[in-house]
file entry23.cif (mmCIF, C-alpha atoms and all ligand atoms)
data_query
loop_
_atom_site.label_atom_id
_atom_site.label_comp_id
_atom_site.auth_asym_id
_atom_site.auth_seq_id
_atom_site.Cartn_x
_atom_site.Cartn_y
_atom_site.Cartn_z
CA MET E 1 -22.16 -22.34 12.49
CA GLU E 2 -21.90 -20.30 9.29
CA PHE E 3 -20.77 -16.67 9.02
CA ASN E 4 -21.07 -14.20 6.14
CA THR E 5 -19.21 -10.91 6.00
CA SER E 6 -18.13 -8.37 3.38
CA TRP E 7 -15.56 -5.58 3.45
CA ALA E 8 -14.16 -3.08 0.96
CA SER E 9 -10.57 -2.14 1.71
CA PRO E 10 -8.41 0.35 -0.17
CA SER E 11 -4.92 0.24 -1.57
CA ASN E 12 -2.36 2.73 -0.25
CA ILE E 13 0.70 4.51 -1.57
CA ALA E 14 3.72 4.95 0.70
CA LEU E 15 5.36 8.38 0.96
CA VAL E 16 8.23 7.05 3.12
CA LYS E 17 8.77 3.49 1.97
CA TYR E 18 8.84 0.18 3.81
CA TRP E 19 11.64 -1.86 2.20
CA GLY E 20 13.29 -4.51 4.34
CA LYS E 21 12.07 -6.66 7.25
CA LYS E 22 13.59 -7.25 10.66
CA PRO E 23 15.04 -10.76 10.59
CA GLU E 24 14.02 -11.86 14.10
CA ARG E 25 10.22 -12.05 13.80
CA VAL E 26 7.61 -12.48 11.13
CA GLN E 27 6.61 -9.38 9.17
CA LEU E 28 8.18 -6.57 11.20
CA PRO E 29 9.55 -3.63 9.21
CA SER E 30 13.20 -2.55 9.27
CA ASN E 31 12.02 1.07 9.25
CA SER E 32 8.77 2.94 9.80
CA SER E 33 6.68 4.13 6.85
CA ILE E 34 3.81 6.51 6.13
CA SER E 35 1.23 6.34 3.35
CA PHE E 36 -1.76 7.98 1.75
CA THR E 37 -4.76 5.66 1.93
CA LEU E 38 -6.47 5.64 -1.45
CA SER E 39 -10.14 5.92 -2.18
CA HIS E 40 -11.09 4.28 -5.50
CA CYS E 41 -8.49 1.51 -5.82
CA LYS E 42 -9.89 -1.12 -3.50
CA THR E 43 -10.69 -4.81 -3.04
CA ILE E 44 -14.17 -5.99 -2.12
CA THR E 45 -14.17 -9.34 -0.37
CA HIS E 46 -17.12 -11.50 0.66
CA LEU E 47 -16.18 -14.27 3.05
CA LYS E 48 -18.45 -17.18 3.80
CA TYR E 49 -16.96 -19.24 6.63
CA LYS E 50 -18.42 -22.44 8.00
CA GLU E 51 -17.01 -23.97 11.16
CA GLY E 52 -15.66 -27.50 10.75
CA THR E 53 -12.80 -29.81 11.60
CA ASP E 54 -10.99 -29.76 8.24
CA LEU E 55 -9.61 -26.78 6.36
CA SER E 56 -10.89 -26.08 2.85
CA ILE E 57 -10.49 -22.90 0.82
CA LYS E 58 -12.27 -21.80 -2.36
CA VAL E 59 -11.40 -18.46 -3.94
CA THR E 60 -12.92 -16.53 -6.81
CA LEU E 61 -11.70 -13.31 -8.41
CA ASP E 62 -14.40 -11.52 -10.38
CA GLU E 63 -16.60 -14.61 -10.04
CA LYS E 64 -14.01 -16.91 -11.63
CA ASP E 65 -12.14 -19.60 -9.67
CA GLU E 66 -8.68 -18.36 -8.72
CA PRO E 67 -6.80 -21.29 -7.12
CA SER E 68 -3.51 -19.38 -7.48
CA PHE E 69 -4.54 -17.27 -4.43
CA ILE E 70 -4.91 -20.32 -2.16
CA PRO E 71 -1.23 -20.71 -1.06
CA LYS E 72 -1.10 -17.01 0.00
CA ILE E 73 -4.34 -17.45 2.00
CA GLU E 74 -3.01 -20.66 3.60
CA GLN E 75 0.16 -18.82 4.63
CA PHE E 76 -1.98 -15.97 6.00
CA ILE E 77 -4.12 -18.39 8.03
CA LYS E 78 -1.01 -20.02 9.48
CA ARG E 79 0.51 -16.66 10.43
CA ILE E 80 -2.62 -15.34 12.17
CA SER E 81 -3.49 -18.59 13.95
CA HIS E 82 -1.80 -17.49 17.21
CA VAL E 83 -4.25 -14.56 17.34
CA PHE E 84 -7.40 -16.54 16.45
CA PRO E 85 -6.82 -20.32 16.65
CA PHE E 86 -10.28 -21.01 15.12
CA VAL E 87 -9.00 -19.95 11.68
CA THR E 88 -6.99 -23.12 11.09
CA SER E 89 -10.07 -25.21 10.34
CA GLY E 90 -13.38 -24.69 8.59
CA GLU E 91 -14.68 -24.06 5.08
CA TYR E 92 -13.68 -20.77 3.51
CA GLU E 93 -15.37 -19.31 0.45
CA VAL E 94 -13.59 -16.10 -0.50
CA ASN E 95 -15.19 -14.08 -3.30
CA THR E 96 -13.16 -11.09 -4.24
CA THR E 97 -13.19 -8.27 -6.82
CA ASN E 98 -10.82 -5.37 -7.37
CA SER E 99 -12.04 -1.96 -8.48
CA PHE E 100 -8.90 -1.68 -10.60
CA PRO E 101 -8.16 -4.00 -13.53
CA HIS E 102 -6.38 -7.21 -12.47
CA SER E 103 -3.73 -6.71 -15.13
CA SER E 104 -2.99 -3.08 -14.25
CA GLY E 105 0.26 -3.85 -12.45
CA ILE E 106 -1.25 -2.27 -9.30
CA ALA E 107 -0.35 -4.41 -6.30
CA SER E 108 -3.51 -5.84 -4.82
CA SER E 109 -1.87 -7.38 -1.75
CA ALA E 110 -2.47 -4.34 0.51
CA SER E 111 -6.16 -4.02 -0.35
CA GLY E 112 -6.73 -7.77 -0.74
CA LEU E 113 -5.16 -8.93 2.50
CA SER E 114 -6.57 -6.07 4.57
CA ALA E 115 -10.07 -6.84 3.22
CA LEU E 116 -9.66 -10.50 4.21
CA ALA E 117 -8.25 -9.54 7.64
CA LEU E 118 -11.26 -7.28 8.27
CA CYS E 119 -13.62 -10.15 7.35
CA ILE E 120 -11.83 -12.46 9.81
CA CYS E 121 -12.04 -9.79 12.55
CA ASP E 122 -15.75 -9.46 11.86
CA ILE E 123 -16.22 -13.20 12.35
CA ALA E 124 -14.09 -13.10 15.51
CA THR E 125 -16.36 -10.32 16.81
CA LYS E 126 -19.47 -12.38 16.05
CA LYS E 127 -17.87 -15.30 17.90
CA GLY E 128 -17.29 -13.05 20.94
CA LEU E 129 -13.50 -13.17 20.57
CA LEU E 130 -12.92 -9.50 19.75
CA ASN E 131 -14.41 -6.31 21.15
CA SER E 132 -15.12 -3.18 19.14
CA LYS E 133 -12.39 -1.17 20.91
CA ASP E 134 -9.67 -3.47 19.58
CA PHE E 135 -11.25 -4.15 16.19
CA TYR E 136 -9.15 -1.97 13.86
CA GLN E 137 -5.86 -2.48 15.68
CA THR E 138 -6.33 -6.25 15.50
CA ALA E 139 -7.34 -5.94 11.82
CA SER E 140 -4.10 -4.05 11.20
CA ILE E 141 -2.04 -6.75 12.99
CA LEU E 142 -3.65 -9.49 10.90
CA SER E 143 -3.26 -7.43 7.70
CA ARG E 144 0.44 -6.93 8.45
CA LEU E 145 0.91 -10.67 8.82
CA GLY E 146 -0.64 -11.05 5.35
CA SER E 147 1.37 -8.27 3.73
CA GLY E 148 3.31 -5.52 5.51
CA SER E 149 1.87 -2.59 3.57
CA ALA E 150 -1.67 -3.96 4.13
CA SER E 151 -1.38 -2.95 7.82
CA ARG E 152 -1.61 0.70 6.70
CA SER E 153 -4.73 0.22 4.51
CA VAL E 154 -6.89 -0.21 7.62
CA PHE E 155 -6.70 3.53 8.41
CA GLY E 156 -7.10 6.81 6.54
CA PRO E 157 -6.44 9.46 5.43
CA LEU E 158 -2.79 8.77 6.21
CA SER E 159 -1.35 5.86 8.10
CA VAL E 160 1.94 5.13 9.89
CA TRP E 161 3.41 1.68 10.41
CA GLY E 162 6.56 1.01 12.42
CA GLU E 163 7.75 2.38 15.74
CA HIS E 164 9.02 5.96 15.51
CA LEU E 165 9.56 8.49 18.31
CA ALA E 166 7.90 11.32 16.37
CA PHE E 167 4.64 9.37 16.05
CA ASP E 168 2.93 8.70 19.40
CA GLY E 169 1.56 5.18 19.70
CA SER E 170 3.33 3.94 16.56
CA SER E 171 4.30 0.27 16.56
CA ASP E 172 6.01 -2.38 14.48
CA GLU E 173 3.03 -4.69 15.12
CA PHE E 174 0.26 -2.53 13.64
CA ALA E 175 -0.35 0.73 11.82
CA ILE E 176 -2.01 3.79 13.34
CA PRO E 177 -4.06 6.52 11.67
CA TYR E 178 -2.23 9.79 11.15
CA THR E 179 -4.70 12.65 11.25
CA ASN E 180 -2.51 15.69 11.98
CA ALA E 181 -1.65 16.55 8.38
CA SER E 182 -2.72 19.95 7.10
CA ALA E 183 -6.13 19.84 5.35
CA ILE E 184 -4.59 20.09 1.87
CA PHE E 185 -3.23 16.54 2.23
CA ASN E 186 -6.53 14.96 3.28
CA ASN E 187 -7.89 15.08 -0.26
CA TYR E 188 -4.67 15.00 -2.27
CA CYS E 189 -4.98 13.49 -5.74
CA ASP E 190 -3.04 10.49 -7.04
CA THR E 191 -3.33 9.62 -10.72
CA ILE E 192 -1.74 6.23 -11.31
CA LEU E 193 -0.09 6.23 -14.72
CA LEU E 194 -0.07 2.64 -15.96
CA VAL E 195 3.28 2.33 -17.69
CA HIS E 196 3.42 -1.44 -17.59
CA LYS E 197 0.37 -3.52 -16.85
CA GLY E 198 2.00 -6.95 -16.72
CA GLN E 199 3.28 -8.87 -13.71
CA LYS E 200 6.48 -7.43 -12.30
CA SER E 201 9.64 -9.48 -12.73
CA VAL E 202 10.64 -9.55 -9.03
CA SER E 203 8.12 -9.76 -6.17
CA SER E 204 8.21 -7.38 -3.19
CA SER E 205 8.90 -10.32 -0.84
CA VAL E 206 12.06 -11.21 -2.76
CA GLY E 207 13.05 -7.53 -2.82
CA HIS E 208 12.58 -7.17 0.96
CA ASN E 209 14.81 -10.18 1.59
CA LEU E 210 17.60 -8.71 -0.50
CA VAL E 211 17.81 -5.79 1.95
CA ASP E 212 19.13 -8.19 4.65
CA ASN E 213 22.65 -8.21 3.25
CA HIS E 214 22.46 -4.94 1.40
CA PRO E 215 25.63 -2.83 1.66
CA PHE E 216 23.59 0.37 2.19
CA ALA E 217 21.00 -1.10 4.57
CA ASN E 218 21.94 0.75 7.76
CA ALA E 219 22.32 4.09 6.04
CA ARG E 220 18.93 3.52 4.43
CA PHE E 221 17.21 2.78 7.76
CA ARG E 222 18.71 5.95 9.28
CA GLN E 223 17.60 7.99 6.28
CA ALA E 224 14.05 6.59 6.45
CA SER E 225 13.82 7.47 10.13
CA GLN E 226 14.96 11.03 9.45
CA ASN E 227 12.54 11.32 6.51
CA MET E 228 9.69 10.26 8.82
CA SER E 229 10.47 13.14 11.20
CA GLU E 230 10.82 15.60 8.34
CA ILE E 231 7.72 14.56 6.42
CA LYS E 232 5.71 14.95 9.61
CA ARG E 233 6.84 18.57 9.86
CA ALA E 234 6.12 19.10 6.14
CA LEU E 235 2.64 17.56 6.42
CA GLU E 236 1.73 19.58 9.48
CA SER E 237 2.99 22.93 8.15
CA ALA E 238 1.77 22.29 4.57
CA ASP E 239 5.34 22.75 3.35
CA ILE E 240 4.77 21.29 -0.12
CA ASP E 241 8.33 21.92 -1.35
CA LYS E 242 9.68 19.85 1.53
CA PHE E 243 6.95 17.22 0.98
CA ILE E 244 7.98 16.89 -2.68
CA ALA E 245 11.68 16.64 -1.87
CA ILE E 246 11.11 13.78 0.58
CA VAL E 247 8.51 11.88 -1.46
CA GLU E 248 10.50 11.91 -4.70
CA SER E 249 13.76 11.06 -2.95
CA GLU E 250 12.03 8.12 -1.20
CA ALA E 251 10.73 6.78 -4.54
CA LEU E 252 14.15 6.98 -6.18
CA THR E 253 15.87 5.53 -3.11
CA LEU E 254 13.52 2.52 -3.20
CA HIS E 255 14.51 1.82 -6.79
CA SER E 256 18.20 2.55 -6.08
CA LEU E 257 18.08 -0.13 -3.38
CA MET E 258 16.76 -2.60 -5.96
CA MET E 259 19.45 -1.61 -8.46
CA SER E 260 22.22 -2.00 -5.88
CA SER E 261 21.12 -5.29 -4.28
CA ASN E 262 22.65 -8.67 -5.01
CA PRO E 263 21.22 -9.87 -7.36
CA TYR E 264 20.34 -6.42 -8.76
CA PHE E 265 17.20 -5.69 -10.72
CA ILE E 266 15.31 -2.82 -12.36
CA LEU E 267 11.53 -2.45 -12.22
CA MET E 268 11.32 0.96 -13.91
CA LYS E 269 10.74 1.10 -17.67
CA PRO E 270 11.94 3.76 -20.12
CA ASN E 271 8.51 5.43 -19.96
CA THR E 272 8.72 5.62 -16.15
CA LEU E 273 11.70 7.96 -16.60
CA LYS E 274 9.99 9.89 -19.41
CA ILE E 275 7.08 10.64 -17.08
CA ILE E 276 9.40 11.67 -14.24
CA ASN E 277 11.24 14.03 -16.59
CA ALA E 278 7.98 15.50 -17.91
CA ILE E 279 6.85 16.21 -14.32
CA TRP E 280 10.20 17.83 -13.48
CA GLU E 281 10.12 19.90 -16.68
CA LYS E 282 6.60 21.09 -15.85
CA ARG E 283 7.68 22.05 -12.32
CA LYS E 284 10.56 24.08 -13.73
CA ILE E 285 8.44 26.17 -16.07
CA SER E 286 5.26 26.63 -14.01
CA LYS E 287 4.40 27.31 -10.39
CA GLU E 288 2.45 24.07 -9.94
CA LYS E 289 3.79 21.90 -7.13
CA TRP E 290 3.20 18.50 -8.64
CA CYS E 291 5.35 15.46 -7.96
CA PHE E 292 5.60 11.70 -8.33
CA THR E 293 6.18 8.60 -6.32
CA LEU E 294 6.75 4.98 -7.32
CA ASP E 295 5.69 1.63 -5.99
CA ALA E 296 7.74 -1.52 -6.46
CA GLY E 297 6.94 -1.44 -10.20
CA ALA E 298 7.05 0.65 -13.35
CA ASN E 299 3.83 2.63 -12.81
CA VAL E 300 4.07 6.25 -11.70
CA HIS E 301 1.85 7.79 -9.02
CA PHE E 302 1.38 11.44 -10.02
CA LEU E 303 0.53 13.48 -6.89
CA TYR E 304 -1.10 16.93 -6.85
CA PRO E 305 -3.42 19.02 -4.62
CA SER E 306 -7.11 18.61 -5.44
CA GLU E 307 -7.47 22.34 -6.16
CA ASP E 308 -5.16 21.79 -9.20
CA LYS E 309 -7.22 18.89 -10.50
CA GLU E 310 -8.47 20.45 -13.74
CA MET E 311 -5.04 21.66 -14.82
CA ALA E 312 -3.38 18.41 -13.77
CA ILE E 313 -5.85 16.37 -15.82
CA GLN E 314 -5.09 18.52 -18.84
CA PHE E 315 -1.36 17.94 -18.29
CA ILE E 316 -1.95 14.18 -18.06
CA GLU E 317 -4.03 14.16 -21.26
CA ASN E 318 -1.58 16.34 -23.20
CA GLU E 319 1.78 15.13 -21.94
CA LEU E 320 1.78 12.06 -19.70
CA LYS E 321 -0.82 9.77 -21.22
CA GLN E 322 1.37 9.07 -24.27
CA TYR E 323 3.79 7.17 -22.01
CA CYS E 324 1.11 4.88 -20.53
CA GLU E 325 0.39 1.41 -21.90
CA ASN E 326 -2.66 1.86 -24.16
CA GLY E 327 -2.99 5.36 -22.69
CA ALA E 328 -4.30 3.92 -19.42
CA PHE E 329 -4.35 5.67 -16.06
CA ILE E 330 -6.54 5.69 -12.95
CA HIS E 331 -7.58 8.83 -11.09
CA ASP E 332 -7.62 8.31 -7.36
CA CYS E 333 -7.43 10.46 -4.25
CA VAL E 334 -6.82 10.17 -0.54
CA GLY E 335 -9.61 8.32 1.23
CA SER E 336 -10.81 7.52 4.70
CA GLY E 337 -10.18 3.76 4.93
CA PRO E 338 -12.13 0.49 4.71
CA GLU E 339 -15.91 0.07 4.79
CA LYS E 340 -18.05 -2.77 5.96
CA ILE E 341 -20.61 -3.77 3.35
CA ALA E 342 -24.06 -4.53 4.66
C1 LIG N 401 7.50 -0.81 -2.20
O1 LIG N 401 3.83 -4.97 1.71
O2 LIG N 401 4.00 -5.79 -0.65
O3 LIG N 401 5.19 -0.94 -1.76
O4 LIG N 401 5.19 -7.49 3.43
O5 LIG N 401 6.31 -8.90 1.71
O6 LIG N 401 3.86 -8.40 1.51
P1 LIG N 401 5.22 -7.91 1.98
O7 LIG N 401 5.58 -6.65 1.10
P2 LIG N 401 4.69 -5.47 0.62
O8 LIG N 401 5.82 -4.37 0.31
C2 LIG N 401 5.50 -3.08 -0.10
C3 LIG N 401 6.68 -2.34 -0.50
C4 LIG N 401 6.45 -1.00 -1.15
C5 LIG N 401 6.62 0.12 -0.15
C6 LIG N 401 5.50 0.38 0.82
O9 LIG N 401 4.32 0.13 0.52
O10 LIG N 401 5.82 0.90 1.91
#
call {"tool": "encode", "arguments": {"input": "entry23.cif", "output": "structure tokens", "more": "lines below"}}
Ligand code: DP6
result
Amino acid sequence: MEFNTSWASPSNIALVKYWGKKPERVQLPSNSSISFTLSHCKTITHLKYKEGTDLSIKVTLDEKDEPSFIPKIEQFIKRISHVFPFVTSGEYEVNTTNSFPHSSGIASSASGLSALALCICDIATKKGLLNSKDFYQTASILSRLGSGSASRSVFGPLSVWGEHLAFDGSSDEFAIPYTNASAIFNNYCDTILLVHKGQKSVSSSVGHNLVDNHPFANARFRQASQNMSEIKRALESADIDKFIAIVESEALTLHSLMMSSNPYFILMKPNTLKIINAIWEKRKISKEKWCFTLDAGANVHFLYPSEDKEMAIQFIENELKQYCENGAFIHDCVGSGPEKIA
């Protein structure tokens, strides 16, 4: 039998960061994390799957063959095979496009692997192996096995992954939607300032592994847990000062962990720091409560409430854009999660 399915799944940006995996089982986080699900930065994946006895995989990105994605998909299939044994054989044709430029330095693993996981869940549903009640939770489990942060892309507007007492129903196995934030956070803006569009020098997977023997690991996991409790209070009471303090500290802690691991490495670029300083300077001289966060890369996510959009865009044009590679940035905002494409 042949199945066709298409999903659009968004990227996400962590506010409290996942950095480090529990050693005992595949793809479980050392600490819980929370993210904004994005709206415009997404991957659209069409999967054509034909049942069969052998395994074959063809992948295109923007309609061009992309064999470099095949090993990651093979690893994904292996890791999810205990959930759906049918996946280990058959003909896969994966056609994928990203709404953001491939060379933007934006990680596509969260959107890409969650889109593929949703397609697989759709096929499992059609095969009678999955009911609608369990659909999104199973999609989040499969996404996590593909890439940890992908587990959170399955839900919006915010999403929590990793067991934490303050978040009812949270789990290391899958993410859950977090819907109790004050309304201001449900349409928050995130302009991604593209400081460096090339491939990053050290992958997230390598970075996660370096946390295993990191001298500050335990202190970091305690801090992350405390930040989860505190950001929850800040999100629910719309305490933006507290929100900013946690989000910026988390971003800098993530990069401090990289700089203090063995071997050490730096993913920020000089212009990353120039942007951070410009945002801090602006906050000092005006009442606007704008802040930044960072991914595992040089790009800066500039975060601001949607009611400040016009002024923030002016600030980007006048002061931040000069630090972006070829003046490039992407306006995005908090979104509601993946969509099935008819
Ligand atoms: C810095 O989810 O990309 O973006 O599980 O190895 O695929 P793997 O790692 P990945 O790590 C993301 C790390 C981060 C922080 C975060 O998104 O929480």
call {"tool": "atom_distance", "arguments": {"input": "entry23.cif", "atom1": "atom C3 of ligand LIG 401 (chain N)", "atom2": "atom CA of E:Lys133"}}
result
28.7 Å
call {"tool": "residues_near_point", "arguments": {"input": "entry23.cif", "point": "(-7.6, 11.9, -3.5)", "cutoff": "9 Å", "atoms": "all atoms listed in the file", "output": "VMD selection string"}}
result
chain E and resid 36 to 40 185 to 191 303 to 306 331 to 335
call {"tool": "write_last_selection", "arguments": {"input": "entry23.cif", "atoms": "C-alpha atoms", "output": "JSON list (two decimals), in the frame of the given file"}}
result
[["chain", "number", "residue", "atom", "x", "y", "z"],
["E", 36, "PHE", "CA", -1.76, 7.98, 1.75],
["E", 37, "THR", "CA", -4.76, 5.66, 1.93],
["E", 38, "LEU", "CA", -6.47, 5.64, -1.45],
["E", 39, "SER", "CA", -10.14, 5.92, -2.18],
["E", 40, "HIS", "CA", -11.09, 4.28, -5.50],
["E", 185, "PHE", "CA", -3.23, 16.54, 2.23],
["E", 186, "ASN", "CA", -6.53, 14.96, 3.28],
["E", 187, "ASN", "CA", -7.89, 15.08, -0.26],
["E", 188, "TYR", "CA", -4.67, 15.00, -2.27],
["E", 189, "CYS", "CA", -4.98, 13.49, -5.74],
["E", 190, "ASP", "CA", -3.04, 10.49, -7.04],
["E", 191, "THR", "CA", -3.33, 9.62, -10.72],
["E", 303, "LEU", "CA", 0.53, 13.48, -6.89],
["E", 304, "TYR", "CA", -1.10, 16.93, -6.85],
["E", 305, "PRO", "CA", -3.42, 19.02, -4.62],
["E", 306, "SER", "CA", -7.11, 18.61, -5.44],
["E", 331, "HIS", "CA", -7.58, 8.83, -11.09],
["E", 332, "ASP", "CA", -7.62, 8.31, -7.36],
["E", 333, "CYS", "CA", -7.43, 10.46, -4.25],
["E", 334, "VAL", "CA", -6.82, 10.17, -0.54],
["E", 335, "GLY", "CA", -9.61, 8.32, 1.23]]
call {"tool": "residues_around", "arguments": {"input": "entry23.cif", "residues": "E:Leu113", "least_positions_apart": "2", "cutoff": "9 Å", "atoms": "only C-alpha atoms", "output": "JSON, numbers by chain"}}
result
{"E": [9, 43, 73, 76, 108, 109, 110, 111, 115, 116, 117, 118, 142, 143, 144, 145, 146, 147, 150, 151]}
call {"tool": "residues_around", "arguments": {"input": "entry23.cif", "residues": "E:Asn213", "least_positions_apart": "2", "cutoff": "12 Å", "atoms": "only C-alpha atoms", "output": "number ranges by chain"}}
result
E: 20-23, 207-211, 215-218, 257, 260-263
call {"tool": "residues_near_ligand", "arguments": {"input": "entry23.cif", "ligand": "ligand LIG 401 (chain N)", "cutoff": "8 Å", "atoms": "all atoms listed in the file", "output": "VMD selection string"}}
result
chain E and resid 12 to 19 21 27 33 to 35 107 109 to 110 144 to 150 203 to 206 208 254 294 to 296
call {"tool": "write_last_selection", "arguments": {"input": "entry23.cif", "atoms": "C-alpha atoms", "output": "PDB file, keeping the file's coordinate frame"}}
result
ATOM      1  CA  ASN E  12      -2.360   2.730  -0.250  1.00  0.00           C
ATOM      2  CA  ILE E  13       0.700   4.510  -1.570  1.00  0.00           C
ATOM      3  CA  ALA E  14       3.720   4.950   0.700  1.00  0.00           C
ATOM      4  CA  LEU E  15       5.360   8.380   0.960  1.00  0.00           C
ATOM      5  CA  VAL E  16       8.230   7.050   3.120  1.00  0.00           C
ATOM      6  CA  LYS E  17       8.770   3.490   1.970  1.00  0.00           C
ATOM      7  CA  TYR E  18       8.840   0.180   3.810  1.00  0.00           C
ATOM      8  CA  TRP E  19      11.640  -1.860   2.200  1.00  0.00           C
ATOM      9  CA  LYS E  21      12.070  -6.660   7.250  1.00  0.00           C
ATOM     10  CA  GLN E  27       6.610  -9.380   9.170  1.00  0.00           C
ATOM     11  CA  SER E  33       6.680   4.130   6.850  1.00  0.00           C
ATOM     12  CA  ILE E  34       3.810   6.510   6.130  1.00  0.00           C
ATOM     13  CA  SER E  35       1.230   6.340   3.350  1.00  0.00           C
ATOM     14  CA  ALA E 107      -0.350  -4.410  -6.300  1.00  0.00           C
ATOM     15  CA  SER E 109      -1.870  -7.380  -1.750  1.00  0.00           C
ATOM     16  CA  ALA E 110      -2.470  -4.340   0.510  1.00  0.00           C
ATOM     17  CA  ARG E 144       0.440  -6.930   8.450  1.00  0.00           C
ATOM     18  CA  LEU E 145       0.910 -10.670   8.820  1.00  0.00           C
ATOM     19  CA  GLY E 146      -0.640 -11.050   5.350  1.00  0.00           C
ATOM     20  CA  SER E 147       1.370  -8.270   3.730  1.00  0.00           C
ATOM     21  CA  GLY E 148       3.310  -5.520   5.510  1.00  0.00           C
ATOM     22  CA  SER E 149       1.870  -2.590   3.570  1.00  0.00           C
ATOM     23  CA  ALA E 150      -1.670  -3.960   4.130  1.00  0.00           C
ATOM     24  CA  SER E 203       8.120  -9.760  -6.170  1.00  0.00           C
ATOM     25  CA  SER E 204       8.210  -7.380  -3.190  1.00  0.00           C
ATOM     26  CA  SER E 205       8.900 -10.320  -0.840  1.00  0.00           C
ATOM     27  CA  VAL E 206      12.060 -11.210  -2.760  1.00  0.00           C
ATOM     28  CA  HIS E 208      12.580  -7.170   0.960  1.00  0.00           C
ATOM     29  CA  LEU E 254      13.520   2.520  -3.200  1.00  0.00           C
ATOM     30  CA  LEU E 294       6.750   4.980  -7.320  1.00  0.00           C
ATOM     31  CA  ASP E 295       5.690   1.630  -5.990  1.00  0.00           C
ATOM     32  CA  ALA E 296       7.740  -1.520  -6.460  1.00  0.00           C
TER      33      ALA E 296
END
call {"tool": "residues_near_point", "arguments": {"input": "entry23.cif", "point": "(-9.8, 0.3, -5.6)", "cutoff": "6 Å", "atoms": "only C-alpha atoms", "output": "list of chain:residue names"}}
result
E:Pro10, E:His40, E:Cys41, E:Lys42, E:Thr43, E:Ser99, E:Phe100
call {"tool": "write_last_selection", "arguments": {"input": "entry23.cif", "atoms": "C-alpha atoms", "output": "PDB file, in the frame of the given file"}}
result
ATOM      1  CA  PRO E  10      -8.410   0.350  -0.170  1.00  0.00           C
ATOM      2  CA  HIS E  40     -11.090   4.280  -5.500  1.00  0.00           C
ATOM      3  CA  CYS E  41      -8.490   1.510  -5.820  1.00  0.00           C
ATOM      4  CA  LYS E  42      -9.890  -1.120  -3.500  1.00  0.00           C
ATOM      5  CA  THR E  43     -10.690  -4.810  -3.040  1.00  0.00           C
ATOM      6  CA  SER E  99     -12.040  -1.960  -8.480  1.00  0.00           C
ATOM      7  CA  PHE E 100      -8.900  -1.680 -10.600  1.00  0.00           C
TER       8      PHE E 100
END
call {"tool": "residues_around", "arguments": {"input": "entry23.cif", "residues": "stretch 49-59 of chain E", "least_positions_apart": "4", "cutoff": "10 Å", "atoms": "only C-alpha atoms", "output": "PyMOL selection string"}}
result
chain E and resi 1-5+63-71+73-74+86-96+119-120+123
call {"tool": "atom_distance", "arguments": {"input": "entry23.cif", "atom1": "atom CA of E:Phe221", "atom2": "atom CA of E:Leu267"}}
result
21.4 Å
call {"tool": "atom_distance", "arguments": {"input": "entry23.cif", "atom1": "atom CA of E:Thr138", "atom2": "atom CA of E:Asp168"}}
result
18.0 Å
call {"tool": "closest_residue", "arguments": {"input": "entry23.cif", "among": "E:Tyr264, E:Leu193, E:Ile141, E:Ile246", "to": "E:Ala234", "atoms": "all atoms listed in the file"}}
result
E:Ile246
call {"tool": "closest_residue", "arguments": {"input": "entry23.cif", "among": "E:Trp7, E:Tyr136, E:Tyr178, E:Phe329", "to": "E:His46", "atoms": "all atoms listed in the file"}}
result
E:Trp7
call {"tool": "closest_residue", "arguments": {"input": "entry23.cif", "among": "E:Tyr323, E:Val202, E:Ile285, E:Glu230", "to": "E:Pro270", "atoms": "all atoms listed in the file"}}
result
E:Tyr323
call {"tool": "closest_residue", "arguments": {"input": "entry23.cif", "among": "E:Ser249, E:Thr293, E:Ser171, E:Gln223", "to": "E:Met268", "atoms": "all atoms listed in the file"}}
result
E:Thr293
call {"tool": "residues_around", "arguments": {"input": "entry23.cif", "residues": "E:Lys274", "least_positions_apart": "4", "cutoff": "10 Å", "atoms": "all atoms listed in the file", "output": "ChimeraX atom specification"}}
result
/E:269-270,278-280,320,322-323
call {"tool": "closest_residue", "arguments": {"input": "entry23.cif", "among": "E:Pro29, E:Ala183, E:Glu24, E:Glu173", "to": "E:Ala224", "atoms": "all atoms listed in the file"}}
result
E:Pro29
call {"tool": "axis_aligned_box", "arguments": {"input": "entry23.cif", "around": "stretch 183-197 of chain E", "padding_each_side": "3 Å", "output": "lines of an AutoDock Vina configuration file"}}
result
center_x = -2.2
center_y = 8.3
center_z = -6.2
size_x = 17.3
size_y = 29.6
size_z = 29.0
call {"tool": "residues_around", "arguments": {"input": "entry23.cif", "residues": "E:Phe315", "least_positions_apart": "3", "cutoff": "12 Å", "atoms": "all atoms listed in the file", "output": "ChimeraX atom specification"}}
result
/E:191,275,278-279,281-283,286,288,290,302,304,308-312,318-322
